[in-house]
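In what follows, a single structure is set out as structure tokens and then discussed.
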Amino acid sequence: MKRMPAFAAALLITAALAAPASAQMGGAASATIEPGEQCPEGMTEVRPGRCQAPQVPPPSIVDYRPESTLVTAEHLVPRAKFPAVDFHGHPRGFTTPEAMAEMIAAMDELNVGVMIAANNVSGDALRQTVAAIEASPWPDRVRVMTGIDFSDVGPGWAERAVAQLEADAEAGAVAIGEISKALGLRYTKADGSRLAIDDPDLDPIWEAAGRLGLPVFLHTADPAEFFEPFDNTNERWLELGLFPNRRYPSDEFPSFEQLLEERDNLFRRHPGTVFVTAHLGWQANDLGALGRLFDENPNVYAEIGAVLYDIGRQPRGAHDFFVRYQDRILFGKDAFQPNEYPYYWRVLETADEYFDYYRGYHAFWKLYGIDLPDEVLRKVYFENAVRLMSGMPQEGWPEGE
Ligand SMILES: [Zn+2]
């Protein structure tokens with residue numbers, strides 16, 4: 001228990017208010033706490049064991065916008081140093097000639113070499129997408145993943161799903177995904193039970209993926225804070241306050257730990273299949289755990305989309321992690337917002353300090369560059385992706401030293 005009982009805090013507040021020594025203009029309130037306890041609501045710990053309330057009404061966390069006074073070197077990076085493969089691409093409606101020209105122009109400006117559409121497209125839609133890319137002036141700039149339909153898993157499902165995967169691989173899919181977080185959180189089986197990520201009924205498709213040489217791109221769970229109590233200690237309070245449907249109350253959903261355990265069972269059970277866990281497996285805030293996952297499973301890779309706030313708040317640890325696991329990490333962005341990519345380049349390529357992130361609600365901190373060496377940048381940006389997927393353009397990448 002971190003909190004002191006409310007009655008004890010109330011006693012201390014009353015005592016402080018009554019004591020002439022601590023009473024100031026406006027009626028200051030203070031309290032003392034034991035190590036490990038938290039200050040009563042409305043108070044902050046001004047020195048160890050001593051809580052005090054602001055003497056003017058505090059702004060809410062939404063209205064408090066401190067402007068940094070730090071003056072330090074800035075190196076904005078509008079273009080990636082090497083052409084990047086966006087392994088976690090979600091371009092929408094890009095197959096008309098006009099939309100594709102617009103996307104390629106944005107990619108050129110950012111130095112995104114290849115966009116991988118991770119939009120779960122299968123069958124005729126996949127064939128039409130591949131045909132549109134091949135007929136365009138940019139046949140080597142976009143690749144497409146296929147998807148898996150997890151509805152009604154039961155007798156006969158695996159045979160149909162494997163046949164579809166084989167057809168989609170033949171049609172030009174380079175990987176499978178993005179398999180959505182609904183696997184584990186929301187899909188149910190034909191018999192109505194929750195479809196666990198490591199359900200044995202799914203084994204034939206993971207084996208087929210290995211046989212067909214298609215990496216499986218899997219998004220499991222969501223940030224751990226979304227599963228935790230929604231209180232004043234939750235690191236993502238603002239986001240959960242803005243978007244209440246991102247919460248996973250424990251009486252309705254499996255826990256974060258259970259979902260990761262099912263995911264890791266799956267990875268272990270199919271050592272011949274390559275898995276890429278999205279968003280650094282939602283373990284960017286615990287890189288030691290992600291490192292152990294890598295150490296134990298040579299078939300597992302991770303993609304860095306949408307967790308830049310965790311990479312950029314631990315520049316030394318993240319630098320060492322990226323260097324150590326340089327063969328296992330892929331660049332990916334998730335949402336296709338061209339003006340957000342340069343934040344990734346800046347974090348990965350520079351040693352800049354204490355700069356803003358592009359979302360105001362993910363995190364209450366600034367970012368630092370992790371200053372990766374060129375050989376690591378090359379792997380994270382394109383070499384790992386080109387190696388993992390035989391359907392990638394294999395020629396035309398910049399030569400190394
Ligand atoms: Zn995604």
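Residue numbering restarts at 1 in every chain; chains get A, B, ... in the order shown in the structure tokens, and ligands count up from 1 in that same order.
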Closest contacts (segment 231-275 of chain A/segment 346-360 of chain A, max 12 Å, only C-alpha atoms) as JSON lines:
```
{"residue": "A:Arg236", "atom": "CA", "partner": "A:Gly360", "partner_atom": "CA", "distance": 11.1}
{"residue": "A:Leu238", "atom": "CA", "partner": "A:Gly360", "partner_atom": "CA", "distance": 9.2}
{"residue": "A:Glu239", "atom": "CA", "partner": "A:Gly360", "partner_atom": "CA", "distance": 9.0}
{"residue": "A:Leu242", "atom": "CA", "partner": "A:Gly360", "partner_atom": "CA", "distance": 11.2}
```
Name the residues in contact with Ala101 of chain A at a cut-off of 12 Å, using only C-alpha atoms, excluding same-chain residues fewer than 3 positions from it; report them as a compact mmCIF listing (two decimals) with N, CA and C atoms, in the first residue's frame.
```txt
# COMPACT_ATOMS: atom_id res chain seq x y z
N GLY A 93 -5.79 3.93 -48.83
CA GLY A 93 -6.27 4.34 -50.15
C GLY A 93 -5.18 4.87 -51.04
N PHE A 94 -4.03 4.18 -51.10
CA PHE A 94 -2.88 4.72 -51.83
C PHE A 94 -2.77 4.17 -53.24
N THR A 95 -3.73 3.35 -53.68
CA THR A 95 -3.52 2.63 -54.93
C THR A 95 -3.96 3.40 -56.17
N THR A 96 -4.68 4.51 -56.05
CA THR A 96 -4.95 5.29 -57.26
C THR A 96 -3.64 5.98 -57.66
N PRO A 97 -3.44 6.26 -58.94
CA PRO A 97 -2.19 6.90 -59.38
C PRO A 97 -1.92 8.21 -58.63
N GLU A 98 -2.96 9.02 -58.41
CA GLU A 98 -2.75 10.32 -57.75
C GLU A 98 -2.30 10.12 -56.30
N ILE A 104 4.48 8.80 -52.59
CA ILE A 104 5.89 8.66 -52.98
C ILE A 104 6.61 10.00 -52.78
N ALA A 105 5.93 11.11 -53.09
CA ALA A 105 6.57 12.43 -52.89
C ALA A 105 6.88 12.65 -51.41
N ALA A 106 5.96 12.26 -50.54
CA ALA A 106 6.20 12.40 -49.09
C ALA A 106 7.34 11.49 -48.66
N MET A 107 7.37 10.27 -49.19
CA MET A 107 8.45 9.33 -48.85
C MET A 107 9.81 9.87 -49.32
N ASP A 108 9.84 10.45 -50.51
CA ASP A 108 11.09 11.01 -51.04
C ASP A 108 11.63 12.09 -50.11
N ILE A 133 0.60 -1.50 -57.77
CA ILE A 133 1.98 -1.10 -57.47
C ILE A 133 2.88 -1.43 -58.67
N SER A 136 2.56 0.90 -61.57
CA SER A 136 2.88 2.31 -61.30
C SER A 136 4.32 2.61 -61.70
N PRO A 137 4.71 3.89 -61.72
CA PRO A 137 6.12 4.22 -62.01
C PRO A 137 7.06 3.85 -60.84
N TRP A 138 6.52 3.33 -59.72
CA TRP A 138 7.35 3.08 -58.54
C TRP A 138 7.20 1.64 -58.04
N PRO A 139 7.44 0.65 -58.89
CA PRO A 139 7.16 -0.74 -58.47
C PRO A 139 8.00 -1.21 -57.29
N ARG A 141 8.80 0.71 -54.54
CA ARG A 141 8.69 1.60 -53.38
C ARG A 141 7.63 1.16 -52.38
N VAL A 142 6.84 0.17 -52.74
CA VAL A 142 5.76 -0.27 -51.83
C VAL A 142 5.69 -1.80 -51.85
```
Pull the helix (DSSP H, G or I) assignments for segment 66-170 of chain A out of DSSP run on the backbone, and list those residues as a PyMOL selection string.
chain A and resi 97-110+123-135+157-170
Spatial neighbours of Ile148 of chain A, max dist 9 Å, only C-alpha atoms, sep filter under 2 positions, as a list in words
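Skipping anything fewer than 2 positions along the chain leaves Asn120, Val121, Ser122, Thr146, Phe150, Ala161, Gln164, Leu165, Ile176, Gly177, Ile179 and Ile205 of chain A.
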What's the separation between atom CA of Pro254 of chain A and atom CA of Gly184 of chain A, in Å to one decimal place?
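Value for the atom CA of Pro254 of chain A-atom CA of Gly184 of chain A distance: 7.9 Å.
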I'd like a table as CSV: residues in chain A with an atom no more than 9 Å from ligand 1, each row giving the shortest atom pair and its distance in Å to one decimal, only C-alpha atoms and all ligand atoms counted, sorted by chain and rising residue number.
```
residue,atom,partner,partner_atom_place_in_ligand_line,distance
A:His88,CA,ligand 1,1 (Zn),6.0
A:Gly89,CA,ligand 1,1 (Zn),7.1
A:His90,CA,ligand 1,1 (Zn),6.6
A:Ala118,CA,ligand 1,1 (Zn),6.9
A:Asn119,CA,ligand 1,1 (Zn),7.8
A:Gly177,CA,ligand 1,1 (Zn),8.6
A:Glu178,CA,ligand 1,1 (Zn),6.0
A:Ile179,CA,ligand 1,1 (Zn),8.5
A:Ser180,CA,ligand 1,1 (Zn),7.5
A:His219,CA,ligand 1,1 (Zn),7.3
A:Ala278,CA,ligand 1,1 (Zn),7.5
A:His279,CA,ligand 1,1 (Zn),8.6
A:Gly305,CA,ligand 1,1 (Zn),8.0
A:Lys333,CA,ligand 1,1 (Zn),8.3
A:Asp334,CA,ligand 1,1 (Zn),4.8
A:Ala335,CA,ligand 1,1 (Zn),7.0
```
Could you please take those selected residues and save N, CA and C atoms as an mmCIF file, in the first residue's frame?
```cif
data_model
loop_
_atom_site.group_PDB
_atom_site.id
_atom_site.type_symbol
_atom_site.label_atom_id
_atom_site.label_comp_id
_atom_site.auth_asym_id
_atom_site.auth_seq_id
_atom_site.Cartn_x
_atom_site.Cartn_y
_atom_site.Cartn_z
ATOM 1 N N HIS A 88 6.132 -0.907 -40.558
ATOM 2 C CA HIS A 88 4.802 -0.788 -39.948
ATOM 3 C C HIS A 88 4.052 0.358 -40.617
ATOM 4 N N GLY A 89 3.772 0.166 -41.919
ATOM 5 C CA GLY A 89 3.096 1.224 -42.672
ATOM 6 C C GLY A 89 1.591 1.028 -42.679
ATOM 7 N N HIS A 90 0.879 2.130 -42.530
ATOM 8 C CA HIS A 90 -0.581 2.078 -42.692
ATOM 9 C C HIS A 90 -1.041 3.145 -43.673
ATOM 10 N N ALA A 118 0.967 -2.628 -43.985
ATOM 11 C CA ALA A 118 0.642 -3.688 -43.022
ATOM 12 C C ALA A 118 -0.851 -3.647 -42.722
ATOM 13 N N ASN A 119 -1.643 -3.671 -43.789
ATOM 14 C CA ASN A 119 -3.082 -3.416 -43.643
ATOM 15 C C ASN A 119 -3.933 -4.675 -43.722
ATOM 16 N N GLY A 177 0.470 -9.489 -41.755
ATOM 17 C CA GLY A 177 0.170 -8.548 -40.682
ATOM 18 C C GLY A 177 -0.465 -7.252 -41.175
ATOM 19 N N GLU A 178 -0.604 -6.387 -40.352
ATOM 20 C CA GLU A 178 -0.361 -6.474 -38.940
ATOM 21 C C GLU A 178 -1.468 -7.282 -38.295
ATOM 22 N N ILE A 179 -1.084 -8.368 -37.599
ATOM 23 C CA ILE A 179 -2.079 -9.099 -36.826
ATOM 24 C C ILE A 179 -2.441 -8.237 -35.626
ATOM 25 N N SER A 180 -3.713 -7.971 -35.497
ATOM 26 C CA SER A 180 -4.138 -6.923 -34.561
ATOM 27 C C SER A 180 -4.143 -7.407 -33.111
ATOM 28 N N HIS A 219 0.891 -7.509 -33.344
ATOM 29 C CA HIS A 219 0.679 -6.491 -32.310
ATOM 30 C C HIS A 219 -0.053 -7.178 -31.145
ATOM 31 N N ALA A 278 5.279 -5.939 -32.677
ATOM 32 C CA ALA A 278 5.074 -4.514 -32.963
ATOM 33 C C ALA A 278 5.356 -3.675 -31.719
ATOM 34 N N HIS A 279 5.723 -2.417 -31.937
ATOM 35 C CA HIS A 279 5.878 -1.447 -30.842
ATOM 36 C C HIS A 279 6.879 -1.931 -29.773
ATOM 37 N N GLY A 305 7.608 1.292 -33.898
ATOM 38 C CA GLY A 305 6.562 2.301 -34.081
ATOM 39 C C GLY A 305 5.867 2.707 -32.790
ATOM 40 N N LYS A 333 6.717 2.990 -38.388
ATOM 41 C CA LYS A 333 6.142 4.240 -37.889
ATOM 42 C C LYS A 333 4.702 4.070 -37.415
ATOM 43 N N ASP A 334 3.955 3.113 -37.956
ATOM 44 C CA ASP A 334 2.524 2.960 -37.682
ATOM 45 C C ASP A 334 1.751 4.041 -38.439
ATOM 46 N N ALA A 335 1.123 4.988 -37.780
ATOM 47 C CA ALA A 335 0.297 5.974 -38.489
ATOM 48 C C ALA A 335 1.131 6.696 -39.560
#
```
As an exercise, work out the distance from atom CA of Arg50 of chain A to atom CA of Tyr361 of chain A in Å and give it to one decimal place.
29.5 Å
Counting only C-alpha atoms, which of A:Val77, A:Val380, A:Ala163, A:Val144 gets nearest to Tyr343 of chain A?
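Looking only at the distances to Tyr343 of chain A, the closest residue turns out to be A:Val77.
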Could you jot down the atom CA of Val62 of chain A to atom CA of Trp237 of chain A separation for me, Å, one decimal place?
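Going from atom CA of Val62 of chain A over to atom CA of Trp237 of chain A covers 10.9 Å.
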List as number ranges by chain the protein and nucleic acid residues near Ala302 of chain A, meaning an atom at most 7 Å away when only C-alpha atoms are counted, but skip any in the same chain fewer than 5 places from it.
A: 276-278, 280-281, 328-330
Could the residues in this selection be written to a file with N, CA and C atoms, as an mmCIF file, in the first residue's frame?
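Listed below is the output, out-v9.cif:
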```
data_model
loop_
_atom_site.group_PDB
_atom_site.id
_atom_site.type_symbol
_atom_site.label_atom_id
_atom_site.label_comp_id
_atom_site.auth_asym_id
_atom_site.auth_seq_id
_atom_site.Cartn_x
_atom_site.Cartn_y
_atom_site.Cartn_z
ATOM 1 N N VAL A 276 7.774 -10.740 -35.779
ATOM 2 C CA VAL A 276 8.177 -9.362 -35.483
ATOM 3 C C VAL A 276 7.129 -8.788 -34.540
ATOM 4 N N THR A 277 7.539 -8.496 -33.309
ATOM 5 C CA THR A 277 6.576 -7.962 -32.347
ATOM 6 C C THR A 277 6.505 -6.443 -32.517
ATOM 7 N N ALA A 278 5.279 -5.939 -32.677
ATOM 8 C CA ALA A 278 5.074 -4.514 -32.963
ATOM 9 C C ALA A 278 5.356 -3.675 -31.719
ATOM 10 N N LEU A 280 7.971 -2.543 -30.237
ATOM 11 C CA LEU A 280 8.946 -3.135 -29.309
ATOM 12 C C LEU A 280 8.256 -4.007 -28.257
ATOM 13 N N GLY A 281 7.188 -4.671 -28.704
ATOM 14 C CA GLY A 281 6.481 -5.593 -27.812
ATOM 15 C C GLY A 281 5.847 -4.908 -26.615
ATOM 16 N N ARG A 328 18.125 -7.216 -34.738
ATOM 17 C CA ARG A 328 16.767 -7.674 -34.387
ATOM 18 C C ARG A 328 15.725 -6.561 -34.402
ATOM 19 N N ILE A 329 16.139 -5.343 -34.750
ATOM 20 C CA ILE A 329 15.231 -4.196 -34.625
ATOM 21 C C ILE A 329 14.942 -3.608 -36.006
ATOM 22 N N LEU A 330 13.661 -3.321 -36.256
ATOM 23 C CA LEU A 330 13.225 -2.781 -37.546
ATOM 24 C C LEU A 330 12.571 -1.422 -37.327
#
```
Within 8 Å of Ser390 of chain A using only C-alpha atoms, minus same-chain residues under 4 positions, as an mmCIF file with N, CA and C atoms, in the first residue's frame:
```cif
data_model
loop_
_atom_site.group_PDB
_atom_site.id
_atom_site.type_symbol
_atom_site.label_atom_id
_atom_site.label_comp_id
_atom_site.auth_asym_id
_atom_site.auth_seq_id
_atom_site.Cartn_x
_atom_site.Cartn_y
_atom_site.Cartn_z
ATOM 1 N N VAL A 174 4.682 -10.007 -48.800
ATOM 2 C CA VAL A 174 6.044 -10.177 -48.285
ATOM 3 C C VAL A 174 6.074 -10.582 -46.812
ATOM 4 N N GLY A 213 8.225 -18.687 -45.722
ATOM 5 C CA GLY A 213 9.202 -17.607 -45.565
ATOM 6 C C GLY A 213 8.568 -16.242 -45.340
ATOM 7 N N VAL A 386 15.342 -5.938 -45.388
ATOM 8 C CA VAL A 386 15.674 -6.527 -46.693
ATOM 9 C C VAL A 386 16.081 -7.983 -46.519
ATOM 10 N N GLN A 394 15.963 -6.199 -53.551
ATOM 11 C CA GLN A 394 17.269 -6.581 -52.965
ATOM 12 C C GLN A 394 18.407 -5.720 -53.500
#
```
Find the spatial neighbours of Tyr381 of chain A, counting only C-alpha atoms, within a cut-off of 7 Å - ignore same-chain residues fewer than 5 positions away - and output them as number ranges by chain.
A: 82-85, 330-331
Same residues, C-alpha atoms, saved as an mmCIF file, in the first residue's frame:
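Resulting contents of part-v1.cif:
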```
data_model
loop_
_atom_site.group_PDB
_atom_site.id
_atom_site.type_symbol
_atom_site.label_atom_id
_atom_site.label_comp_id
_atom_site.auth_asym_id
_atom_site.auth_seq_id
_atom_site.Cartn_x
_atom_site.Cartn_y
_atom_site.Cartn_z
ATOM 1 C CA PHE A 82 19.846 6.098 -45.056
ATOM 2 C CA PRO A 83 16.739 5.043 -46.966
ATOM 3 C CA ALA A 84 14.329 3.594 -44.425
ATOM 4 C CA VAL A 85 11.915 0.715 -44.849
ATOM 5 C CA LEU A 330 13.225 -2.781 -37.546
ATOM 6 C CA PHE A 331 12.135 0.780 -38.190
#
```
